[in-house]
Amino acid sequence: MGNKIYTIGREFGSGGKDVGEALSKRLGIRLYDKELLQQAAKDSGFCEEIFENHDERPTNSFLYSLVMDTYSANAYSTTPFLDMPLNHKVFLAQFDTIKKIAAQESCVIVGRCADYALSDNRDCINIFVHSPLEQRIKAVSVRNNITENKARDMIQKQDKQRSSYYNYYTSKKWGDASSYHLTLDSSKLGIEGCVDVILKYREVMDARKK
């Protein structure tokens, strides 16, 4: 069997990254979140700032693309690639990096449409972590020391960005159960409980492959 890959989509404030961190710690494998942006910048030759500014955001500003295009190191020098809008270039660079990482090592990848990039990988388990809005509001309010109204606005904005980005670049729907192998309610299972379910699922799937 190949490298064991786990991709995690998540609602904002649901603890999806915490699940990823706990899973990576339990298995002794790397977690890629913001680290993926750094690796994609290194692989593509683009300025890291470009990836940060486009991170899980659908970008449609033509003027912004023209300005930021000047940062390109032209690592991808084919004409079709160079003619693409910058946001498409950034997505493809991340796409390539995700596939490269998955080929090199077992790991956990948070967000960035990793499940779509690895859709042909039989050793990849795709997970979506969610929890009720009111619980996420309380968690975000405490974590960021802001009012619950501001936390609600932040959650709605982040979820909309992630949903728009995912739906735009993939053939699937963000948060829809049919888009993932597992959808987990972190408010019911807890962080470690989510990890337990993921590992049990891996155990069952590996047994069926034998």
# chains A, B, ... in the order shown; residues from 1 in each chain; ligands from 1
>>> residues_around(residues="Lys150 (chain A)", least_positions_apart="6", cutoff="10 Å", atoms="only C-alpha atoms", output="ChimeraX atom specification")
/A:137,140-141,144,156
>>> write_last_selection(atoms="C-alpha atoms", output="tab-separated table (two decimals), in the first residue's frame")
chain	number	residue	atom	x	y	z
A	137	ILE	CA	-19.82	31.10	17.62
A	140	VAL	CA	-14.56	31.62	17.97
A	141	SER	CA	-15.65	34.33	20.40
A	144	ASN	CA	-10.36	35.52	19.36
A	156	GLN	CA	-20.22	33.39	7.94
>>> select_by_dssp(residues="region 7-204 of chain A", states="helix (DSSP H, G or I)", output="NGL selection string")
:A and (16-27 or 34-44 or 48-54 or 62-71 or 79-82 or 86-104 or 114-117 or 133-144 or 148-169 or 177-179 or 186-204)
>>> closest_residue(among="A:Lys160, A:Lys99, A:His181, A:Arg152", to="Tyr201 (chain A)", atoms="only C-alpha atoms")
A:His181
>>> closest_residue(among="A:Gly20, A:Gly111, A:Gly15, A:Gly28", to="Tyr166 (chain A)", atoms="only C-alpha atoms")
A:Gly111
>>> residues_around(residues="Glu134 (chain A)", least_positions_apart="3", cutoff="12 Å", atoms="only C-alpha atoms", output="mmCIF file with N, CA and C atoms, in the first residue's frame")
data_model
loop_
_atom_site.group_PDB
_atom_site.id
_atom_site.type_symbol
_atom_site.label_atom_id
_atom_site.label_comp_id
_atom_site.auth_asym_id
_atom_site.auth_seq_id
_atom_site.Cartn_x
_atom_site.Cartn_y
_atom_site.Cartn_z
ATOM 1 N N PHE A 12 -15.539 26.770 9.705
ATOM 2 C CA PHE A 12 -14.751 27.667 10.547
ATOM 3 C C PHE A 12 -15.242 27.579 11.987
ATOM 4 N N GLY A 13 -14.304 27.337 12.905
ATOM 5 C CA GLY A 13 -14.652 27.249 14.316
ATOM 6 C C GLY A 13 -15.060 25.863 14.780
ATOM 7 N N SER A 14 -14.994 24.877 13.873
ATOM 8 C CA SER A 14 -15.426 23.521 14.231
ATOM 9 C C SER A 14 -14.315 22.699 14.872
ATOM 10 N N HIS A 130 -17.463 19.340 11.148
ATOM 11 C CA HIS A 130 -18.476 20.386 11.309
ATOM 12 C C HIS A 130 -18.978 20.374 12.743
ATOM 13 N N SER A 131 -19.728 21.402 13.094
ATOM 14 C CA SER A 131 -20.410 21.452 14.392
ATOM 15 C C SER A 131 -21.485 22.528 14.316
ATOM 16 N N ILE A 137 -19.831 29.681 17.249
ATOM 17 C CA ILE A 137 -19.817 31.101 17.624
ATOM 18 C C ILE A 137 -19.147 31.280 18.983
ATOM 19 N N LYS A 138 -19.535 30.447 19.934
ATOM 20 C CA LYS A 138 -18.941 30.539 21.273
ATOM 21 C C LYS A 138 -17.443 30.244 21.237
ATOM 22 N N ALA A 139 -17.047 29.243 20.471
ATOM 23 C CA ALA A 139 -15.632 28.866 20.385
ATOM 24 C C ALA A 139 -14.794 29.971 19.755
ATOM 25 N N VAL A 140 -15.293 30.553 18.664
ATOM 26 C CA VAL A 140 -14.559 31.617 17.969
ATOM 27 C C VAL A 140 -14.509 32.881 18.814
ATOM 28 N N SER A 141 -15.600 33.161 19.527
ATOM 29 C CA SER A 141 -15.650 34.328 20.397
ATOM 30 C C SER A 141 -14.583 34.248 21.483
ATOM 31 N N GLU A 148 -19.853 37.781 20.446
ATOM 32 C CA GLU A 148 -20.463 36.686 19.697
ATOM 33 C C GLU A 148 -21.018 37.166 18.357
ATOM 34 N N ASN A 149 -21.456 38.419 18.287
ATOM 35 C CA ASN A 149 -21.937 38.961 17.010
ATOM 36 C C ASN A 149 -20.798 39.035 15.985
ATOM 37 N N ALA A 151 -18.115 37.218 16.109
ATOM 38 C CA ALA A 151 -17.742 35.831 15.817
ATOM 39 C C ALA A 151 -18.666 35.240 14.757
ATOM 40 N N ARG A 152 -19.964 35.548 14.859
ATOM 41 C CA ARG A 152 -20.932 35.065 13.871
ATOM 42 C C ARG A 152 -20.590 35.591 12.475
ATOM 43 N N ILE A 155 -17.469 33.850 11.104
ATOM 44 C CA ILE A 155 -17.775 32.477 10.678
ATOM 45 C C ILE A 155 -18.485 32.480 9.329
ATOM 46 N N GLN A 156 -19.475 33.339 9.196
ATOM 47 C CA GLN A 156 -20.224 33.392 7.941
ATOM 48 C C GLN A 156 -19.327 33.787 6.775
ATOM 49 N N SER A 187 -18.689 18.473 17.860
ATOM 50 C CA SER A 187 -19.380 18.792 19.112
ATOM 51 C C SER A 187 -19.888 17.522 19.798
#
>>> residues_around(residues="Asn167 (chain A)", least_positions_apart="6", cutoff="10 Å", atoms="only C-alpha atoms", output="list in words")
Pro58, Cys113, Gln161, Lys173, Trp174 and Gly175 of chain A
>>> write_last_selection(atoms="N, CA and C atoms", output="mmCIF file, in the first residue's frame")
data_model
loop_
_atom_site.group_PDB
_atom_site.id
_atom_site.type_symbol
_atom_site.label_atom_id
_atom_site.label_comp_id
_atom_site.auth_asym_id
_atom_site.auth_seq_id
_atom_site.Cartn_x
_atom_site.Cartn_y
_atom_site.Cartn_z
ATOM 1 N N PRO A 58 -11.800 32.572 -3.660
ATOM 2 C CA PRO A 58 -11.973 32.746 -5.108
ATOM 3 C C PRO A 58 -11.681 34.200 -5.452
ATOM 4 N N CYS A 113 -8.679 22.192 -1.079
ATOM 5 C CA CYS A 113 -9.219 21.246 -2.063
ATOM 6 C C CYS A 113 -8.334 20.019 -2.236
ATOM 7 N N GLN A 161 -16.302 31.983 2.003
ATOM 8 C CA GLN A 161 -15.078 31.967 1.191
ATOM 9 C C GLN A 161 -14.659 30.545 0.877
ATOM 10 N N LYS A 173 -19.495 19.590 -3.886
ATOM 11 C CA LYS A 173 -20.081 20.653 -3.073
ATOM 12 C C LYS A 173 -19.481 20.624 -1.684
ATOM 13 N N TRP A 174 -18.975 21.775 -1.242
ATOM 14 C CA TRP A 174 -18.337 21.914 0.066
ATOM 15 C C TRP A 174 -19.313 21.549 1.181
ATOM 16 N N GLY A 175 -18.887 20.655 2.068
ATOM 17 C CA GLY A 175 -19.710 20.290 3.211
ATOM 18 C C GLY A 175 -20.753 19.229 2.944
#
